[in-house]
Amino acid sequence: MRLIFAGTPEFASSALKALVAAGHQIVLVLTQPDRPAGRGLRLEASAVKKYAQKQMLTVEQPLTLKTEVACQMIAAANAEAMIVAAYGLILPKAILQIPKRGCINIHASLLPRWRGAAPIQRAILAGDAETGITIMQMDEGLDTGDMLMREALPVGAEETAGELHDRLAMLGARMIIETLNTQPAPVKQDNSLACYAAKITKEESFINWHQNAETVHRRIRAFNPFPGAATELGGERIKIWRAQIADAIGVPGSVCSAPAGQLVVACGSGAVSITELQRAGGKRMAIAQFLTGFSIAPGARFGV
């Protein structure tokens with residue numbers, strides 16, 4: 001099939017690789033402009049752009065699609081459909097109407113639950129037992145279009161957003177191929193069941209130790225790898241990357257007595273045992289390694 005592909009991060013790159021491997025003709029790839037990254041803030045191409053260039057595909061990086069130039073570019077590609085995955089730009093009505101089969105989106109949730117920008121993190125934060133992929137015919141709304149295919153995945157009890165992302169990316173890549181092959185009938189979403197996955201902000205990543213242990217544990221998982229669940233100890237910023245729920249009680253944020261090589265911190269109810277963390281400017285470390293060079297006595301208080 002003659003296709004346009006629009007996407008930016010690794011999640012989208014997985015789908016693009018699957019489309020190429022399946023023999024579809026990708027006549028145009030759209031991705032976000034290069035962004036500053038790393039400590040040197042050098043411009044870095046998106047995962048989609050890097051892969052597309054290796055495959056000698058035509059890549060365009062418009063700042064917006066709300067122009068006549070963008071419409072002409074997409075019309076000139078003469079594609080049967082546009083496949084969209086985590087692209088990051090709004091597709092106006094004029095663009096949606098150009099491909100013969102419209103624009104088809106790979107969304108990382110079981111729509112209509114978690115429409116919006118951060119469905120993976122929000123599913124973990126909410127304690128959802130499952131999430132999944134929805135292949136959707138795009139319309140002018142925010143993830144409101146008719147569903148073409150929908151498949152669930154269980155959310156692991158210890159799974160981070162990064163780990164769940166990778167599983168969903170593989171599922172989405174398989175499902176978009178199946179959708180194009182089978183052309184399933186569209187099914188309307190039940191708007192009464194909709195909820196929205198707002199973009200993750202760094203401000204909400206700070207741990208509130210007065211919350212119960214399950215909630216704190218979910219926040220640590222949901223914010224790994226971005227932006228990292230944050231707290232402070234003795235005025236120093238620390239990111240907590242992994243933890244497990246523990247059987248202990250104490251003042252919220254306080255370090256509980258624990259065997260050597262463990263760091264158990266009390267929550268509003270229950271506690272978490274931190275297994276991987278990072279000091280500001282340092283490297284991520286397993287807790288046993290961390291505690292060899294940074295002593296934390298029982299009774300010390302984490303907080304912000």
# chains A, B, ... in the order shown; residues from 1 in each chain; ligands from 1

call {"tool": "closest_atom_pairs", "arguments": {"of": "stretch 245-274 of chain A", "to": "stretch 220-233 of chain A", "cutoff": "12 Å", "atoms": "only C-alpha atoms", "output": "tab-separated table"}}
result
residue	atom	partner	partner_atom	distance
A:Ile245	CA	A:Ile220	CA	11.1
A:Gly253	CA	A:Thr231	CA	9.5
A:Ser254	CA	A:Leu233	CA	10.1
A:Val255	CA	A:Leu233	CA	10.5
A:Val265	CA	A:Thr231	CA	11.7
A:Val272	CA	A:Ile220	CA	10.2
A:Ser273	CA	A:Ile220	CA	11.5
A:Ile274	CA	A:Ile220	CA	9.7

call {"tool": "select_by_dssp", "arguments": {"residues": "stretch 197-235 of chain A", "states": "strand (DSSP E)", "output": "list in words"}}
result
Ala197, Ala229, Ala230, Thr231, Glu232 and Leu233 of chain A

call {"tool": "closest_residue", "arguments": {"among": "A:Arg301, A:Gly281, A:Gly7, A:Ala213", "to": "A:Arg39", "atoms": "only C-alpha atoms"}}
result
A:Gly281

call {"tool": "residues_around", "arguments": {"residues": "A:Val27", "least_positions_apart": "5", "cutoff": "7 Å", "atoms": "only C-alpha atoms", "output": "count of residues only"}}
result
5

call {"tool": "closest_residue", "arguments": {"among": "A:Thr292, A:Ala123, A:Gly162, A:Gly303", "to": "A:His210", "atoms": "only C-alpha atoms"}}
result
A:Gly303

call {"tool": "select_by_dssp", "arguments": {"residues": "stretch 112-283 of chain A", "states": "helix (DSSP H, G or I)", "output": "NGL selection string"}}
result
:A and (119-125 or 161-182 or 191-193 or 202-205 or 213-222)

call {"tool": "write_last_selection", "arguments": {"atoms": "C-alpha atoms", "output": "tab-separated table (two decimals), in the first residue's frame"}}
result
chain	number	residue	atom	x	y	z
A	119	PRO	CA	-1.87	7.28	28.16
A	120	ILE	CA	0.85	4.88	29.32
A	121	GLN	CA	1.83	6.86	32.41
A	122	ARG	CA	-1.77	7.67	33.31
A	123	ALA	CA	-2.79	4.01	33.14
A	124	ILE	CA	-0.05	3.10	35.64
A	125	LEU	CA	-0.82	6.06	37.91
A	161	ALA	CA	6.23	3.13	31.98
A	162	GLY	CA	9.32	2.45	29.86
A	163	GLU	CA	8.84	-1.31	29.97
A	164	LEU	CA	5.13	-1.04	29.21
A	165	HIS	CA	5.90	1.40	26.39
A	166	ASP	CA	8.15	-1.17	24.71
A	167	ARG	CA	5.51	-3.91	24.88
A	168	LEU	CA	2.83	-1.58	23.55
A	169	ALA	CA	5.09	-0.40	20.72
A	170	MET	CA	5.53	-4.01	19.57
A	171	LEU	CA	1.78	-4.62	19.84
A	172	GLY	CA	0.97	-1.46	17.90
A	173	ALA	CA	3.41	-2.40	15.15
A	174	ARG	CA	1.74	-5.79	14.72
A	175	MET	CA	-1.78	-4.40	14.88
A	176	ILE	CA	-1.29	-1.70	12.23
A	177	ILE	CA	-0.16	-4.38	9.76
A	178	GLU	CA	-3.21	-6.51	10.63
A	179	THR	CA	-5.49	-3.48	10.24
A	180	LEU	CA	-4.19	-2.66	6.78
A	181	ASN	CA	-4.45	-6.32	5.74
A	182	THR	CA	-7.97	-6.99	7.04
A	191	ASN	CA	-17.95	8.92	24.79
A	192	SER	CA	-19.54	8.43	28.22
A	193	LEU	CA	-16.55	6.21	29.15
A	202	LYS	CA	8.01	17.61	36.02
A	203	GLU	CA	6.12	19.34	38.82
A	204	GLU	CA	3.86	16.32	39.40
A	205	SER	CA	6.80	13.93	39.61
A	213	ALA	CA	2.54	2.94	49.59
A	214	GLU	CA	0.65	1.65	46.54
A	215	THR	CA	0.18	5.19	45.20
A	216	VAL	CA	3.84	6.10	45.78
A	217	HIS	CA	4.93	2.85	44.13
A	218	ARG	CA	2.77	3.57	41.07
A	219	ARG	CA	4.25	7.07	40.76
A	220	ILE	CA	7.78	5.69	40.79
A	221	ARG	CA	6.86	3.20	38.05
A	222	ALA	CA	4.90	5.72	35.97

call {"tool": "residues_around", "arguments": {"residues": "A:Ala152", "least_positions_apart": "4", "cutoff": "9 Å", "atoms": "only C-alpha atoms", "output": "list in words"}}
result
Ser109, Leu110, Glu130, Thr131, Gly132, Ile133 and Thr134 of chain A
